[in-house]
Amino acid sequence: MTDPVDRLAGHSLAPHAVSRLRTERLARSSKPFLARGGPRGERCPGCRLVPSHCLCAVRPQVATQAGMCLLMADIEPLKPSNTGWLIADVVPDTFAFGWARTVVDPALLALLRDPQWQPYVVFPGEFAEPSRVVTRVEPTEIPAQGVTPPQPRRPLFVLLDATWTEARKMFRKSPYLNHLPVLSLQPEQLSRYRLRRSQRDDHFCTSEVAAICLELAGESHAAQTLEAYLDVFTHHYLQAKHQLPVEMDGEAHRRLQALRTPAPGAEAPGAAQLGR
């Protein structure tokens with residue numbers, strides 16, 4: 001069997017922000033984190049699935065103007081079912097930070113102050129002051145400086161990647177977010193995520209939230225790709241859980257492949273990546 005590290009290198013998958021955060025979190029653990037499944041708990045380092053159901057060969061990436069900032073509860077980066085990982089797979093400008101009540105990563109504060117970005121905290125508006133709540137992603141500009149004309153800001157969606165109870169605590173106890181607009185999503189569809197159960201039908205997994213944000217930002221192709229990738233990941237995960245083979249010709253894989261393959265003579269959507 002191919003070694004997982006060799007398989008990762010073979011697909012040229014450099015560790016992204018969530019992968020690096022997971023490595024940092026593991027280094028701070030006093031005891032090993034043991035994920036269930038696979039021979040001796042073996043999992044691919046590129047997708048966290050058991051080697052027989054590896055997802056790396058179908059990983060998509062779409063150039064986007066929007067960015068994602070994941071604030072992750074303590075053990076979220078360690079969970080094989082965490083879908084923040086999928087966001088980082090698809091969206092190149094994904095940043096990930098561990099959340100703690102008393103310590104804030106200076107790099108997070110610098111990111112939120114970076115004038116190229118317009119951050120939005122994505123959270124239900126009922127928990128925020130009405131004056132902060134927005135329901136659309138509006139264009140904003142960096143003010144003109146001297147002879148430099150105004151420049152458009154890029155939307156940066158701040159996602160609280162945690163259980164619902166943890167996310168509410170994070171929202172209340174992160175004063176550095178208090179000055180930012182709160183993007184309140186009002187989607188009509190119910191969650192299709194099948195790996196973890198929520199007590200409320202209007203709660204979404206993190207990648208579903210990210211896809212809705214991308215759609216609001218006018219990034220339809222990226223949104224559809226992330227939705228399709230979640231379906232493929234869910235299929236691989238559940239097939240592995242039940243010790244069944246992956247259906248590579250199934251509907252989920254066909255949809256993702258169609259989104260990854262541009263029509264003949266057409267430029268791939270998002271091919272012109274904006275400068276960071």
# chains A, B, ... in the order shown; residues from 1 in each chain; ligands from 1
>>> residues_around(residues="Thr83 of chain A", least_positions_apart="6", cutoff="9 Å", atoms="only C-alpha atoms", output="list of chain:residue names")
A:Asp161, A:Cys205, A:Thr206, A:Ser207, A:Glu208, A:Leu230, A:Phe233
>>> select_by_dssp(residues="segment 94-205 of chain A", states="strand (DSSP E or B)", output="PyMOL selection string")
chain A and resi 94-98+117-122+133-134+141-142+145+148+151-152+154-161+182-183
>>> write_last_selection(atoms="N, CA, C and O atoms", output="JSON list (two decimals), in the first residue's frame")
[["chain", "number", "residue", "atom", "x", "y", "z"],
["A", 94, "THR", "N", -7.53, 30.98, 2.71],
["A", 94, "THR", "CA", -8.17, 30.55, 3.95],
["A", 94, "THR", "C", -7.15, 30.66, 5.08],
["A", 94, "THR", "O", -6.03, 30.16, 4.95],
["A", 95, "PHE", "N", -7.55, 31.30, 6.17],
["A", 95, "PHE", "CA", -6.71, 31.46, 7.34],
["A", 95, "PHE", "C", -7.38, 30.73, 8.50],
["A", 95, "PHE", "O", -8.60, 30.71, 8.60],
["A", 96, "ALA", "N", -6.59, 30.13, 9.37],
["A", 96, "ALA", "CA", -7.16, 29.37, 10.48],
["A", 96, "ALA", "C", -6.41, 29.70, 11.76],
["A", 96, "ALA", "O", -5.17, 29.73, 11.78],
["A", 97, "PHE", "N", -7.17, 29.93, 12.83],
["A", 97, "PHE", "CA", -6.60, 30.26, 14.13],
["A", 97, "PHE", "C", -7.35, 29.50, 15.22],
["A", 97, "PHE", "O", -8.58, 29.36, 15.16],
["A", 98, "GLY", "N", -6.62, 29.01, 16.19],
["A", 98, "GLY", "CA", -7.25, 28.42, 17.35],
["A", 98, "GLY", "C", -7.82, 29.52, 18.25],
["A", 98, "GLY", "O", -7.24, 30.60, 18.37],
["A", 117, "TRP", "N", -8.81, 43.77, 3.22],
["A", 117, "TRP", "CA", -9.94, 42.93, 3.55],
["A", 117, "TRP", "C", -11.08, 43.72, 4.19],
["A", 117, "TRP", "O", -10.83, 44.65, 4.97],
["A", 118, "GLN", "N", -12.30, 43.32, 3.91],
["A", 118, "GLN", "CA", -13.48, 43.77, 4.65],
["A", 118, "GLN", "C", -14.03, 42.57, 5.40],
["A", 118, "GLN", "O", -14.70, 41.72, 4.82],
["A", 119, "PRO", "N", -13.72, 42.46, 6.71],
["A", 119, "PRO", "CA", -14.18, 41.29, 7.46],
["A", 119, "PRO", "C", -15.67, 41.35, 7.78],
["A", 119, "PRO", "O", -16.23, 42.42, 8.04],
["A", 120, "TYR", "N", -16.30, 40.18, 7.76],
["A", 120, "TYR", "CA", -17.68, 40.00, 8.22],
["A", 120, "TYR", "C", -17.67, 38.83, 9.20],
["A", 120, "TYR", "O", -17.18, 37.74, 8.85],
["A", 121, "VAL", "N", -18.22, 39.02, 10.39],
["A", 121, "VAL", "CA", -18.41, 37.90, 11.32],
["A", 121, "VAL", "C", -19.72, 37.22, 10.93],
["A", 121, "VAL", "O", -20.78, 37.86, 10.93],
["A", 122, "VAL", "N", -19.66, 35.97, 10.58],
["A", 122, "VAL", "CA", -20.85, 35.27, 10.12],
["A", 122, "VAL", "C", -21.51, 34.61, 11.33],
["A", 122, "VAL", "O", -20.97, 33.67, 11.93],
["A", 133, "VAL", "N", -25.83, 44.32, 12.22],
["A", 133, "VAL", "CA", -26.29, 43.21, 11.39],
["A", 133, "VAL", "C", -26.48, 43.64, 9.93],
["A", 133, "VAL", "O", -27.10, 44.67, 9.64],
["A", 134, "VAL", "N", -25.92, 42.83, 9.04],
["A", 134, "VAL", "CA", -26.12, 43.01, 7.60],
["A", 134, "VAL", "C", -26.56, 41.68, 7.02],
["A", 134, "VAL", "O", -26.29, 40.62, 7.59],
["A", 141, "GLU", "N", -14.45, 50.17, -0.24],
["A", 141, "GLU", "CA", -13.19, 50.57, -0.86],
["A", 141, "GLU", "C", -12.17, 50.98, 0.18],
["A", 141, "GLU", "O", -12.52, 51.50, 1.25],
["A", 142, "ILE", "N", -10.91, 50.76, -0.15],
["A", 142, "ILE", "CA", -9.80, 51.34, 0.61],
["A", 142, "ILE", "C", -9.71, 52.80, 0.21],
["A", 142, "ILE", "O", -9.65, 53.12, -0.98],
["A", 145, "GLN", "N", -5.20, 57.30, -1.35],
["A", 145, "GLN", "CA", -4.04, 57.85, -0.65],
["A", 145, "GLN", "C", -3.15, 58.55, -1.68],
["A", 145, "GLN", "O", -2.53, 57.88, -2.52],
["A", 148, "THR", "N", -2.90, 57.53, -5.42],
["A", 148, "THR", "CA", -3.47, 56.18, -5.54],
["A", 148, "THR", "C", -4.98, 56.24, -5.42],
["A", 148, "THR", "O", -5.51, 56.71, -4.41],
["A", 151, "GLN", "N", -9.28, 51.61, -3.82],
["A", 151, "GLN", "CA", -9.17, 50.22, -4.24],
["A", 151, "GLN", "C", -10.28, 49.41, -3.57],
["A", 151, "GLN", "O", -10.61, 49.64, -2.41],
["A", 152, "PRO", "N", -10.86, 48.44, -4.28],
["A", 152, "PRO", "CA", -11.92, 47.63, -3.65],
["A", 152, "PRO", "C", -11.36, 46.72, -2.57],
["A", 152, "PRO", "O", -10.26, 46.17, -2.70],
["A", 154, "ARG", "N", -11.53, 43.25, -0.38],
["A", 154, "ARG", "CA", -11.96, 41.88, -0.60],
["A", 154, "ARG", "C", -12.73, 41.38, 0.63],
["A", 154, "ARG", "O", -12.29, 41.60, 1.77],
["A", 155, "PRO", "N", -13.88, 40.74, 0.44],
["A", 155, "PRO", "CA", -14.62, 40.24, 1.60],
["A", 155, "PRO", "C", -13.86, 39.11, 2.30],
["A", 155, "PRO", "O", -13.29, 38.23, 1.66],
["A", 156, "LEU", "N", -13.83, 39.17, 3.62],
["A", 156, "LEU", "CA", -13.21, 38.14, 4.45],
["A", 156, "LEU", "C", -14.26, 37.65, 5.43],
["A", 156, "LEU", "O", -14.71, 38.41, 6.30],
["A", 157, "PHE", "N", -14.65, 36.41, 5.30],
["A", 157, "PHE", "CA", -15.71, 35.86, 6.13],
["A", 157, "PHE", "C", -15.11, 35.16, 7.34],
["A", 157, "PHE", "O", -14.34, 34.20, 7.21],
["A", 158, "VAL", "N", -15.45, 35.67, 8.52],
["A", 158, "VAL", "CA", -14.94, 35.12, 9.78],
["A", 158, "VAL", "C", -15.96, 34.09, 10.27],
["A", 158, "VAL", "O", -17.09, 34.44, 10.65],
["A", 159, "LEU", "N", -15.57, 32.82, 10.26],
["A", 159, "LEU", "CA", -16.45, 31.72, 10.62],
["A", 159, "LEU", "C", -16.03, 31.14, 11.97],
["A", 159, "LEU", "O", -14.84, 30.83, 12.17],
["A", 160, "LEU", "N", -16.96, 30.99, 12.89],
["A", 160, "LEU", "CA", -16.69, 30.40, 14.19],
["A", 160, "LEU", "C", -16.91, 28.90, 14.07],
["A", 160, "LEU", "O", -18.05, 28.42, 14.05],
["A", 161, "ASP", "N", -15.84, 28.16, 13.96],
["A", 161, "ASP", "CA", -15.89, 26.72, 13.68],
["A", 161, "ASP", "C", -15.90, 25.96, 14.99],
["A", 161, "ASP", "O", -14.85, 25.73, 15.60],
["A", 182, "VAL", "N", -21.85, 42.03, 11.37],
["A", 182, "VAL", "CA", -22.27, 40.64, 11.53],
["A", 182, "VAL", "C", -23.15, 40.27, 10.33],
["A", 182, "VAL", "O", -24.22, 40.86, 10.13],
["A", 183, "LEU", "N", -22.66, 39.32, 9.55],
["A", 183, "LEU", "CA", -23.41, 38.85, 8.39],
["A", 183, "LEU", "C", -24.35, 37.75, 8.86],
["A", 183, "LEU", "O", -23.92, 36.67, 9.27]]
>>> closest_residue(among="A:Val90, A:Ala73, A:Asn178, A:Leu78", to="Ala27 of chain A", atoms="only C-alpha atoms")
A:Leu78
